[in-house]
>>> print(open('data06.txt').read())   # compact mmCIF, C-alpha atoms (C1' of nucleotides)
# COMPACT_ATOMS: atom_id res chain seq x y z
CA MET E 1 -7.70 0.14 9.39
CA SER E 2 -4.55 0.49 7.43
CA LYS E 3 -4.20 -2.81 5.61
CA ASP E 4 -5.97 -5.31 3.47
CA SER E 5 -7.13 -7.84 6.03
CA ARG E 6 -9.34 -9.85 3.72
CA LEU E 7 -7.15 -12.93 3.75
CA ALA E 8 -7.05 -12.96 7.54
CA ARG E 9 -10.77 -12.40 7.74
CA MET E 10 -11.62 -15.11 5.26
CA ALA E 11 -9.27 -17.62 6.86
CA HIS E 12 -10.91 -16.93 10.19
CA VAL E 13 -14.42 -17.22 8.86
CA LEU E 14 -13.87 -20.29 6.72
CA VAL E 15 -12.56 -22.23 9.68
CA HIS E 16 -15.68 -21.39 11.64
CA MET E 17 -17.87 -22.30 8.71
CA ALA E 18 -16.40 -25.76 8.58
CA PHE E 19 -18.02 -26.45 11.93
CA ASN E 20 -21.28 -24.79 11.15
CA ASP E 21 -24.11 -27.18 10.40
CA GLY E 22 -26.31 -24.95 8.30
CA ALA E 23 -25.33 -22.15 5.99
CA ALA E 24 -23.76 -19.09 7.54
CA THR E 25 -25.51 -15.86 6.57
CA SER E 26 -23.59 -12.77 5.57
CA ASP E 27 -25.04 -11.14 8.61
CA THR E 28 -23.72 -13.76 11.00
CA ILE E 29 -20.32 -13.66 9.37
CA ALA E 30 -20.33 -9.88 9.50
CA ARG E 31 -20.74 -10.06 13.25
CA MET E 32 -17.73 -12.36 13.53
CA LEU E 33 -15.70 -9.81 11.61
CA ASN E 34 -17.09 -6.70 13.22
CA THR E 35 -18.27 -5.39 9.92
CA ASN E 36 -21.43 -5.48 7.84
CA PRO E 37 -22.92 -8.00 5.42
CA VAL E 38 -22.11 -6.06 2.28
CA VAL E 39 -18.41 -6.26 2.98
CA VAL E 40 -18.80 -9.98 3.58
CA ARG E 41 -20.59 -10.59 0.29
CA ARG E 42 -18.09 -8.49 -1.57
CA THR E 43 -15.19 -10.41 -0.10
CA MET E 44 -16.74 -13.85 -0.41
CA ALA E 45 -17.53 -13.24 -4.06
CA GLY E 46 -14.01 -14.24 -5.11
CA LEU E 47 -14.20 -17.47 -3.14
CA ARG E 48 -17.57 -18.23 -4.64
CA ASP E 49 -16.24 -17.64 -8.15
CA ARG E 50 -13.52 -20.21 -7.52
CA GLY E 51 -15.96 -22.69 -6.10
CA TYR E 52 -14.55 -22.74 -2.59
CA VAL E 53 -17.87 -21.68 -1.14
CA ALA E 54 -21.42 -21.64 -2.44
CA SER E 55 -24.11 -19.10 -1.69
CA GLU E 56 -27.83 -19.69 -1.50
CA LYS E 57 -30.45 -17.00 -1.53
CA GLY E 58 -33.64 -16.85 0.41
CA PRO E 59 -34.58 -18.04 3.87
CA ARG E 60 -32.16 -20.63 5.24
CA GLY E 61 -29.74 -19.41 2.64
CA GLY E 62 -26.22 -18.20 3.25
CA TRP E 63 -22.73 -19.49 2.65
CA ARG E 64 -21.35 -23.04 2.77
CA LEU E 65 -17.91 -24.49 2.34
CA THR E 66 -17.79 -26.84 -0.63
CA ARG E 67 -14.76 -28.79 0.55
CA PRO E 68 -12.97 -29.74 3.75
CA LEU E 69 -10.45 -27.37 5.31
CA GLU E 70 -7.70 -29.83 4.44
CA ASN E 71 -8.23 -29.07 0.77
CA LEU E 72 -7.91 -25.32 1.03
CA THR E 73 -4.70 -23.39 1.63
CA LEU E 74 -4.11 -19.78 2.54
CA LEU E 75 -2.71 -19.42 -0.96
CA ASP E 76 -6.00 -20.58 -2.48
CA VAL E 77 -7.86 -18.00 -0.47
CA HIS E 78 -5.32 -15.31 -1.19
CA GLN E 79 -5.50 -15.86 -4.92
CA ALA E 80 -9.28 -15.93 -4.84
CA LEU E 81 -9.22 -12.44 -3.37
CA GLU E 82 -7.34 -11.13 -6.39
CA THR E 83 -5.36 -8.59 -4.46
CA ALA E 84 -4.17 -5.82 -6.74
CA SER E 85 -0.63 -5.96 -5.39
CA VAL E 86 0.82 -7.51 -2.30
CA PHE E 87 3.54 -4.88 -2.09
CA THR E 88 3.36 -1.23 -1.25
CA ILE E 89 6.62 -0.65 -3.09
CA GLY E 90 7.44 -1.08 -6.72
CA PRO E 91 9.41 0.19 -9.67
CA SER E 92 9.09 3.72 -10.95
CA ASP E 93 6.26 4.46 -13.32
CA GLY E 94 5.74 5.56 -16.81
CA HIS E 95 7.73 5.48 -19.98
CA VAL E 96 11.25 5.04 -18.75
CA ALA E 97 13.70 6.71 -21.08
CA CYS E 98 16.72 6.28 -18.86
CA ALA E 99 18.74 3.06 -19.05
CA VAL E 100 19.86 3.42 -15.45
CA GLU E 101 16.28 3.75 -14.34
CA ARG E 102 15.29 0.66 -16.31
CA MET E 103 18.06 -1.36 -14.70
CA ALA E 104 17.14 -0.12 -11.24
CA ASN E 105 13.54 -1.06 -11.88
CA ARG E 106 14.57 -4.46 -13.09
CA ALA E 107 16.64 -5.13 -9.99
CA ILE E 108 13.80 -4.12 -7.72
CA THR E 109 11.23 -6.09 -9.66
CA GLY E 110 13.46 -9.13 -9.40
CA ALA E 111 13.70 -8.80 -5.65
CA LEU E 112 9.95 -8.35 -5.37
CA ASN E 113 9.35 -11.40 -7.50
CA ARG E 114 11.49 -13.50 -5.23
CA ALA E 115 9.68 -12.19 -2.20
CA SER E 116 6.37 -12.84 -3.88
CA ALA E 117 7.37 -16.41 -4.62
CA ALA E 118 8.40 -16.85 -0.99
CA LEU E 119 5.06 -15.50 0.16
CA GLU E 120 3.12 -17.81 -2.10
CA ALA E 121 5.20 -20.77 -1.02
CA ALA E 122 4.57 -19.93 2.62
CA LEU E 123 0.86 -19.40 2.11
CA GLY E 124 0.61 -22.56 0.07
CA GLN E 125 2.02 -24.60 2.91
CA VAL E 126 -0.73 -23.63 5.30
CA ARG E 127 -3.94 -25.59 4.94
CA LEU E 128 -6.88 -24.05 6.72
CA SER E 129 -7.06 -27.19 8.81
CA ASP E 130 -3.56 -26.36 10.08
CA ILE E 131 -4.91 -23.20 11.64
CA LEU E 132 -7.09 -25.33 13.85
CA ALA E 133 -4.40 -27.89 14.52
CA GLU E 134 -2.17 -25.39 16.29
CA GLY E 135 -2.82 -23.53 19.47
CA GLN E 136 -3.90 -24.74 22.82
CA ALA E 137 -6.89 -22.48 23.09
CA LEU E 138 -8.22 -24.02 19.91
CA ARG E 139 -7.59 -27.54 21.05
CA ALA E 140 -9.52 -26.77 24.20
CA ALA E 141 -12.39 -25.37 22.18
CA MET E 142 -12.41 -28.44 19.96
CA ASP E 143 -12.44 -30.69 22.98
CA GLN E 144 -15.54 -28.90 24.09
CA GLY E 145 -17.05 -29.39 20.69
CA ARG E 146 -17.54 -25.74 19.82
CA PRO E 147 -14.76 -24.49 17.59
CA HIS E 148 -17.48 -22.97 15.47
CA GLN E 149 -18.47 -20.38 18.00
CA CYS E 150 -16.83 -17.06 17.39
CA PRO E 151 -16.89 -14.88 20.50
CA ASN E 152 -17.16 -11.81 18.32
CA ALA E 153 -20.43 -13.02 16.89
CA VAL E 154 -21.75 -14.14 20.25
CA ALA E 155 -20.92 -10.85 21.92
CA ALA E 156 -22.76 -8.84 19.29
CA GLN E 157 -25.95 -10.86 19.29
CA MET C 1 1.16 6.65 -9.38
CA SER C 2 -0.05 3.68 -7.48
CA LYS C 3 2.95 2.61 -5.48
CA ASP C 4 5.78 3.73 -3.31
CA SER C 5 8.52 4.16 -5.88
CA ARG C 6 11.03 5.80 -3.59
CA LEU C 7 13.44 2.88 -3.61
CA ALA C 8 13.44 2.74 -7.38
CA ARG C 9 13.85 6.48 -7.63
CA MET C 10 16.69 6.63 -5.16
CA ALA C 11 18.49 3.69 -6.72
CA HIS C 12 18.26 5.42 -10.07
CA VAL C 13 19.46 8.74 -8.78
CA LEU C 14 22.28 7.44 -6.63
CA VAL C 15 23.81 5.63 -9.59
CA HIS C 16 23.79 8.84 -11.60
CA MET C 17 25.25 10.76 -8.68
CA ALA C 18 28.22 8.43 -8.52
CA PHE C 19 29.27 9.77 -11.91
CA ASN C 20 28.53 13.37 -11.16
CA ASP C 21 31.59 15.49 -10.45
CA GLY C 22 30.01 18.21 -8.38
CA ALA C 23 27.05 18.01 -6.07
CA ALA C 24 23.66 17.29 -7.59
CA THR C 25 21.04 19.82 -6.64
CA SER C 26 17.55 18.80 -5.60
CA ASP C 27 16.35 20.59 -8.65
CA THR C 28 18.51 18.58 -11.04
CA ILE C 29 17.53 15.36 -9.37
CA ALA C 30 13.89 16.36 -9.48
CA ARG C 31 14.16 16.66 -13.24
CA MET C 32 15.57 13.16 -13.50
CA LEU C 33 12.60 11.89 -11.54
CA ASN C 34 9.95 14.04 -13.16
CA THR C 35 9.00 15.56 -9.87
CA ASN C 36 9.96 18.61 -7.85
CA PRO C 37 12.79 19.42 -5.45
CA VAL C 38 10.74 19.19 -2.29
CA VAL C 39 9.95 15.53 -2.95
CA VAL C 40 13.63 14.93 -3.54
CA ARG C 41 14.72 16.54 -0.27
CA ARG C 42 12.06 14.70 1.63
CA THR C 43 13.10 11.37 0.18
CA MET C 44 16.84 11.95 0.46
CA ALA C 45 16.46 12.91 4.11
CA GLY C 46 16.51 9.28 5.20
CA LEU C 47 19.66 8.59 3.22
CA ARG C 48 21.29 11.67 4.69
CA ASP C 49 20.38 10.57 8.21
CA ARG C 50 22.16 7.28 7.62
CA GLY C 51 25.19 8.97 6.16
CA TYR C 52 24.85 7.57 2.66
CA VAL C 53 24.69 11.03 1.16
CA ALA C 54 25.58 14.47 2.43
CA SER C 55 23.83 17.74 1.64
CA GLU C 56 25.37 21.18 1.39
CA LYS C 57 23.47 24.43 1.34
CA GLY C 58 24.15 27.52 -0.67
CA PRO C 59 25.53 28.03 -4.15
CA ARG C 60 27.40 24.98 -5.43
CA GLY C 61 25.59 23.01 -2.79
CA GLY C 62 23.50 19.93 -3.34
CA TRP C 63 23.82 16.24 -2.67
CA ARG C 64 26.89 13.99 -2.78
CA LEU C 65 27.39 10.29 -2.31
CA THR C 66 29.65 9.60 0.66
CA ARG C 67 30.72 6.15 -0.49
CA PRO C 68 31.20 4.16 -3.68
CA LEU C 69 28.24 2.31 -5.20
CA GLU C 70 29.90 -0.97 -4.30
CA ASN C 71 29.31 -0.22 -0.64
CA LEU C 72 25.61 0.44 -0.89
CA THR C 73 22.91 -2.16 -1.45
CA LEU C 74 19.27 -1.82 -2.34
CA LEU C 75 18.56 -3.04 1.17
CA ASP C 76 20.54 -0.14 2.66
CA VAL C 77 18.52 2.31 0.62
CA HIS C 78 15.27 0.56 1.36
CA GLN C 79 15.87 0.63 5.09
CA ALA C 80 16.89 4.26 4.97
CA LEU C 81 13.52 5.09 3.51
CA GLU C 82 11.77 3.64 6.55
CA THR C 83 8.79 2.37 4.62
CA ALA C 84 5.79 1.97 6.89
CA SER C 85 5.02 -1.48 5.58
CA VAL C 86 6.16 -3.37 2.54
CA PHE C 87 2.91 -5.32 2.33
CA THR C 88 -0.57 -4.24 1.44
CA ILE C 89 -1.98 -7.21 3.27
CA GLY C 90 -1.81 -8.11 6.93
CA PRO C 91 -3.58 -9.70 9.86
CA SER C 92 -6.92 -8.51 11.11
CA ASP C 93 -6.96 -5.58 13.45
CA GLY C 94 -7.91 -4.81 16.95
CA HIS C 95 -8.34 -6.75 20.14
CA VAL C 96 -8.82 -10.26 18.90
CA ALA C 97 -11.11 -12.21 21.20
CA CYS C 98 -11.42 -15.24 18.95
CA ALA C 99 -8.85 -18.02 19.18
CA VAL C 100 -9.46 -19.00 15.56
CA GLU C 101 -8.81 -15.45 14.48
CA ARG C 102 -5.61 -15.29 16.49
CA MET C 103 -4.36 -18.49 14.88
CA ALA C 104 -5.27 -17.28 11.41
CA ASN C 105 -3.44 -14.03 12.07
CA ARG C 106 -0.44 -15.92 13.33
CA ALA C 107 -0.28 -18.08 10.21
CA ILE C 108 -0.51 -15.07 7.95
CA THR C 109 2.03 -13.09 9.91
CA GLY C 110 4.41 -16.02 9.68
CA ALA C 111 4.07 -16.17 5.92
CA LEU C 112 4.60 -12.43 5.62
CA ASN C 113 7.68 -12.62 7.79
CA ARG C 114 9.17 -15.23 5.53
CA ALA C 115 8.40 -13.15 2.48
CA SER C 116 9.86 -10.10 4.17
CA ALA C 117 13.05 -11.99 4.93
CA ALA C 118 13.23 -13.12 1.31
CA LEU C 119 12.77 -9.55 0.13
CA GLU C 120 15.51 -8.24 2.38
CA ALA C 121 17.83 -11.03 1.32
CA ALA C 122 17.17 -10.25 -2.33
CA LEU C 123 17.62 -6.51 -1.86
CA GLY C 124 20.75 -7.06 0.18
CA GLN C 125 22.34 -8.98 -2.65
CA VAL C 126 22.10 -6.09 -5.06
CA ARG C 127 24.83 -3.50 -4.76
CA LEU C 128 24.09 -0.28 -6.57
CA SER C 129 27.15 -0.96 -8.66
CA ASP C 130 25.45 -4.13 -9.88
CA ILE C 131 22.74 -2.03 -11.45
CA LEU C 132 25.34 -0.51 -13.71
CA ALA C 133 27.10 -3.78 -14.35
CA GLU C 134 24.12 -5.31 -16.10
CA GLY C 135 22.49 -4.25 -19.27
CA GLN C 136 23.90 -3.53 -22.65
CA ALA C 137 22.49 -0.04 -22.89
CA LEU C 138 24.35 0.86 -19.75
CA ARG C 139 27.57 -0.65 -20.90
CA ALA C 140 27.31 1.39 -24.04
CA ALA C 141 26.72 4.53 -22.05
CA MET C 142 29.68 3.78 -19.84
CA ASP C 143 31.88 3.22 -22.84
CA GLN C 144 30.95 6.65 -24.01
CA GLY C 145 31.82 8.03 -20.62
CA ARG C 146 28.41 9.44 -19.78
CA PRO C 147 26.50 7.10 -17.53
CA HIS C 148 25.75 10.18 -15.44
CA GLN C 149 23.48 11.74 -18.00
CA CYS C 150 19.88 11.03 -17.36
CA PRO C 151 17.77 11.62 -20.46
CA ASN C 152 14.90 12.72 -18.28
CA ALA C 153 16.95 15.57 -16.89
CA VAL C 154 18.36 16.50 -20.26
CA ALA C 155 14.97 16.58 -21.91
CA ALA C 156 13.57 18.93 -19.32
CA GLN C 157 16.39 21.42 -19.34
C1' DC A 1 26.93 43.36 2.81
C1' DA A 2 23.40 42.28 -0.63
C1' DG A 3 21.44 38.82 -3.14
C1' DA A 4 20.99 34.62 -5.22
C1' DA A 5 21.49 29.64 -4.71
C1' DT A 6 20.17 25.68 -1.93
C1' DC A 7 18.58 22.93 1.57
C1' DG A 8 14.83 22.12 5.53
C1' DT A 9 10.23 21.66 6.51
C1' DA A 10 5.39 22.63 7.46
C1' DA A 11 0.93 22.72 5.39
C1' DT A 12 -2.37 21.26 1.70
C1' DA A 13 -4.44 18.76 -1.73
C1' DG A 14 -4.74 14.64 -4.87
C1' DC A 15 -4.72 9.71 -5.68
C1' DC A 16 -5.64 4.80 -4.79
C1' DA A 17 -7.54 0.61 -2.81
C1' DG A 18 -9.86 -1.45 0.95
C1' DA A 19 -13.43 -0.70 4.36
C1' DG A 20 -17.89 0.97 5.83
C1' DT A 21 -22.77 2.31 4.55
C1' DT A 22 -26.89 3.05 2.24
C1' DA A 23 -30.05 1.81 -1.20
C1' DC A 24 -32.37 -1.15 -4.19
C1' DG A 25 -33.06 -5.23 -6.97
C1' DT A 26 -33.55 -10.40 -7.24
C1' DT A 27 -34.29 -15.05 -5.59
C1' DT A 28 -36.33 -18.35 -2.57
C1' DC A 29 -39.02 -20.36 0.89
C1' DA A 30 -43.12 -20.90 3.94
C1' DT Y 1 -47.57 -12.52 -0.35
C1' DG Y 2 -43.86 -11.28 2.56
C1' DA Y 3 -39.81 -11.98 4.93
C1' DA Y 4 -35.09 -13.79 4.51
C1' DA Y 5 -30.87 -13.63 1.90
C1' DC Y 6 -27.79 -12.71 -1.61
C1' DG Y 7 -25.96 -9.28 -5.60
C1' DT Y 8 -24.31 -4.98 -6.58
C1' DA Y 9 -23.94 -0.06 -7.52
C1' DA Y 10 -22.69 4.27 -5.46
C1' DC Y 11 -20.83 6.99 -1.95
C1' DT Y 12 -17.83 8.36 1.90
C1' DC Y 13 -13.79 7.67 4.91
C1' DT Y 14 -8.95 6.51 5.84
C1' DG Y 15 -3.80 6.07 5.45
C1' DG Y 16 0.46 6.56 2.93
C1' DC Y 17 2.98 8.41 -0.96
C1' DT Y 18 3.13 12.14 -4.10
C1' DA Y 19 2.80 16.97 -5.73
C1' DT Y 20 2.89 21.92 -4.65
C1' DT Y 21 3.15 26.12 -2.36
C1' DA Y 22 5.18 28.89 1.05
C1' DC Y 23 8.78 30.28 4.24
C1' DG Y 24 12.78 30.10 6.82
C1' DA Y 25 17.84 29.16 7.38
C1' DT Y 26 22.58 28.73 5.23
C1' DT Y 27 26.23 29.78 2.34
C1' DC Y 28 28.78 31.47 -1.45
C1' DT Y 29 30.05 35.42 -4.57
C1' DG Y 30 30.69 39.93 -6.23
>>> encode(input="data06.txt", output="structure tokens")
Amino acid sequence: MSKDSRLARMAHVLVHMAFNDGAATSDTIARMLNTNPVVVRRTMAGLRDRGYVASEKGPRGGWRLTRPLENLTLLDVHQALETASVFTIGPSDGHVACAVERMANRAITGALNRASAALEAALGQVRLSDILAEGQALRAAMDQGRPHQCPNAVAAQ
Amino acid sequence: MSKDSRLARMAHVLVHMAFNDGAATSDTIARMLNTNPVVVRRTMAGLRDRGYVASEKGPRGGWRLTRPLENLTLLDVHQALETASVFTIGPSDGHVACAVERMANRAITGALNRASAALEAALGQVRLSDILAEGQALRAAMDQGRPHQCPNAVAAQ
DNA sequence: CAGAATCGTAATAGCCAGAGTTACGTTTCA
DNA sequence: TGAAACGTAACTCTGGCTATTACGATTCTG
């Protein structure tokens, strides 16, 4: 696995959770994501801290959405994950003594900032409910009343 | 060093090279970048392949720009470096059986594509000559006729 | 022609953050 | 009381850039 797929994973899981009656346990979610419960708890922690989900311990415990999918955007989720940096590239490091180097860094940082703003704008436009709204396969699943079933989880049971 | 700083490094070095009379050796460039000549050759290879710089072996050899800074943008340099991926984040991996997951991935990929386009647009707008054009420290250096001197290199000599 | 100057490149090791695991502690319910 | 769940620390593994070492191939100069 080469990239940070937390945003994708959380978007996926949160949509399922919206159609889950009870709380979803870390174990159940882990099966949807083909991973293990510790990774799930670690990743959900940021969402919990922002109040997007709530966790309950003990039997019948697990994770619940605290708001409808319409009130949560990909940007909200992304920011909750507190990704160190969205870019693999960046300015040169350290104490820059060279004026040319400083200017080059500034130019690159400016470009990255614009790209970052574009990314946030794009993510902010996507409500999690939009993910469901698109796609024929999803419509079909909704028509059958089971958009909460993740085949990954089912297969692993 | 946490990030891929090759673009910043190359932008820095190419500007200096434009004011260098002879060829710049990998060793000289390495001093400007606080690294060693092998890293320089490895990084310059992409630029050489695209014809932005030419290398000559043997005594008096080294690297030369093949065109003025006005005809080279940060985007040109960036593309020459063939960065694996500009983003640390991405869609979830593997054979996605879940329709919700596919839709989530699609939404995220769409946002990343827009950000990527914004980045390329921003990088494409910056000619390497623009890096010199801005900044008072650089103007001062140019007035004194030595914008080719990199303090990093000088300090290490 | 000898020898030094340079580039070209393979092979290694280090670093960093996310991912995957194991281990253990805490809370909660029946 | 004991099982179900979350919380979290501590490792290991992985991929890409970086740093180094080691050699080989060219090319100029005396």
>>> interface_residues(input="data06.txt", of="chain A", to="chain E", cutoff="7 Å", atoms="all atoms listed in the file", output="PyMOL selection string")
chain A and resi 18+27-29
>>> residues_around(input="data06.txt", residues="A:DG14", least_positions_apart="2", cutoff="10 Å", atoms="only C-alpha atoms (C1' of nucleotides)", output="list of chain:residue names")
A:DT12, A:DC16, Y:DT18, Y:DA19
>>> axis_aligned_box(input="data06.txt", around="stretch 7-17 of chain A", padding_each_side="8 Å", output="lines of an AutoDock Vina configuration file")
center_x = 5.5
center_y = 11.8
center_z = 0.9
size_x = 42.1
size_y = 38.3
size_z = 29.1
>>> residues_around(input="data06.txt", residues="E:Asp130", least_positions_apart="6", cutoff="10 Å", atoms="only C-alpha atoms (C1' of nucleotides)", output="list in words")
Val15, Leu69, Glu70 and Thr73 of chain E; Met103, Ala104 and Ala107 of chain C
>>> closest_residue(input="data06.txt", among="C:Ala99, C:Leu119, C:Ile108, C:Ala45", to="E:Phe87", atoms="only C-alpha atoms")
C:Leu119
>>> interface_residues(input="data06.txt", of="chain Y", to="chain C", cutoff="12 Å", atoms="all atoms listed in the file", output="number ranges by chain")
Y: 15-22, 25-29
>>> closest_atom_pairs(input="data06.txt", of="chain E", to="chain C", cutoff="8 Å", atoms="only C-alpha atoms", output="JSON lines")
{"residue": "E:Met1", "atom": "CA", "partner": "C:Asp93", "partner_atom": "CA", "distance": 7.1}
{"residue": "E:Lys3", "atom": "CA", "partner": "C:Ile89", "partner_atom": "CA", "distance": 5.5}
{"residue": "E:Asp4", "atom": "CA", "partner": "C:Ile89", "partner_atom": "CA", "distance": 4.4}
{"residue": "E:Ser5", "atom": "CA", "partner": "C:Ser92", "partner_atom": "CA", "distance": 5.1}
{"residue": "E:Arg6", "atom": "CA", "partner": "C:Ile89", "partner_atom": "CA", "distance": 7.8}
{"residue": "E:Leu7", "atom": "CA", "partner": "C:Ile89", "partner_atom": "CA", "distance": 7.7}
{"residue": "E:Ala8", "atom": "CA", "partner": "C:Pro91", "partner_atom": "CA", "distance": 5.3}
{"residue": "E:Arg9", "atom": "CA", "partner": "C:Ser92", "partner_atom": "CA", "distance": 6.4}
{"residue": "E:Ala11", "atom": "CA", "partner": "C:Ala104", "partner_atom": "CA", "distance": 6.1}
{"residue": "E:His12", "atom": "CA", "partner": "C:Glu101", "partner_atom": "CA", "distance": 5.0}
{"residue": "E:Val15", "atom": "CA", "partner": "C:Val100", "partner_atom": "CA", "distance": 7.4}
{"residue": "E:His16", "atom": "CA", "partner": "C:Val100", "partner_atom": "CA", "distance": 7.7}
{"residue": "E:Ser85", "atom": "CA", "partner": "C:Thr88", "partner_atom": "CA", "distance": 7.0}
{"residue": "E:Val86", "atom": "CA", "partner": "C:Thr88", "partner_atom": "CA", "distance": 5.2}
{"residue": "E:Phe87", "atom": "CA", "partner": "C:Phe87", "partner_atom": "CA", "distance": 4.5}
{"residue": "E:Thr88", "atom": "CA", "partner": "C:Val86", "partner_atom": "CA", "distance": 5.2}
{"residue": "E:Ile89", "atom": "CA", "partner": "C:Asp4", "partner_atom": "CA", "distance": 4.5}
{"residue": "E:Gly90", "atom": "CA", "partner": "C:Ser5", "partner_atom": "CA", "distance": 5.4}
{"residue": "E:Pro91", "atom": "CA", "partner": "C:Ala8", "partner_atom": "CA", "distance": 5.3}
{"residue": "E:Ser92", "atom": "CA", "partner": "C:Ser5", "partner_atom": "CA", "distance": 5.1}
{"residue": "E:Asp93", "atom": "CA", "partner": "C:Met1", "partner_atom": "CA", "distance": 6.8}
{"residue": "E:Ala97", "atom": "CA", "partner": "C:Pro151", "partner_atom": "CA", "distance": 6.4}
{"residue": "E:Cys98", "atom": "CA", "partner": "C:Pro151", "partner_atom": "CA", "distance": 5.7}
{"residue": "E:Ala99", "atom": "CA", "partner": "C:Leu138", "partner_atom": "CA", "distance": 6.1}
{"residue": "E:Val100", "atom": "CA", "partner": "C:His12", "partner_atom": "CA", "distance": 6.0}
{"residue": "E:Glu101", "atom": "CA", "partner": "C:His12", "partner_atom": "CA", "distance": 5.0}
{"residue": "E:Met103", "atom": "CA", "partner": "C:Ile131", "partner_atom": "CA", "distance": 5.7}
{"residue": "E:Ala104", "atom": "CA", "partner": "C:His12", "partner_atom": "CA", "distance": 5.8}
{"residue": "E:Asn105", "atom": "CA", "partner": "C:Ala8", "partner_atom": "CA", "distance": 5.9}
{"residue": "E:Ala107", "atom": "CA", "partner": "C:Ile131", "partner_atom": "CA", "distance": 7.0}
{"residue": "E:Ile108", "atom": "CA", "partner": "C:Ala8", "partner_atom": "CA", "distance": 6.9}
{"residue": "E:Ala111", "atom": "CA", "partner": "C:Ala122", "partner_atom": "CA", "distance": 5.0}
{"residue": "E:Leu112", "atom": "CA", "partner": "C:Leu119", "partner_atom": "CA", "distance": 6.3}
{"residue": "E:Arg114", "atom": "CA", "partner": "C:Ala118", "partner_atom": "CA", "distance": 6.8}
{"residue": "E:Ala115", "atom": "CA", "partner": "C:Leu119", "partner_atom": "CA", "distance": 4.7}
{"residue": "E:Ser116", "atom": "CA", "partner": "C:Ala115", "partner_atom": "CA", "distance": 6.7}
{"residue": "E:Ala117", "atom": "CA", "partner": "C:Ala115", "partner_atom": "CA", "distance": 7.9}
{"residue": "E:Ala118", "atom": "CA", "partner": "C:Ala115", "partner_atom": "CA", "distance": 5.1}
{"residue": "E:Leu119", "atom": "CA", "partner": "C:Ala115", "partner_atom": "CA", "distance": 4.7}
{"residue": "E:Ala122", "atom": "CA", "partner": "C:Ala111", "partner_atom": "CA", "distance": 5.0}
{"residue": "E:Leu123", "atom": "CA", "partner": "C:Ala111", "partner_atom": "CA", "distance": 5.9}
{"residue": "E:Val126", "atom": "CA", "partner": "C:Ala107", "partner_atom": "CA", "distance": 7.4}
{"residue": "E:Ile131", "atom": "CA", "partner": "C:Met103", "partner_atom": "CA", "distance": 5.7}
{"residue": "E:Leu132", "atom": "CA", "partner": "C:Val100", "partner_atom": "CA", "distance": 7.0}
{"residue": "E:Glu134", "atom": "CA", "partner": "C:Met103", "partner_atom": "CA", "distance": 7.4}
{"residue": "E:Gly135", "atom": "CA", "partner": "C:Met103", "partner_atom": "CA", "distance": 7.0}
{"residue": "E:Ala137", "atom": "CA", "partner": "C:Ala99", "partner_atom": "CA", "distance": 6.2}
{"residue": "E:Leu138", "atom": "CA", "partner": "C:Ala99", "partner_atom": "CA", "distance": 6.1}
{"residue": "E:Pro147", "atom": "CA", "partner": "C:Val100", "partner_atom": "CA", "distance": 7.9}
{"residue": "E:Cys150", "atom": "CA", "partner": "C:Cys98", "partner_atom": "CA", "distance": 5.9}
{"residue": "E:Pro151", "atom": "CA", "partner": "C:Cys98", "partner_atom": "CA", "distance": 5.7}
{"residue": "E:Asn152", "atom": "CA", "partner": "C:Ala97", "partner_atom": "CA", "distance": 6.7}
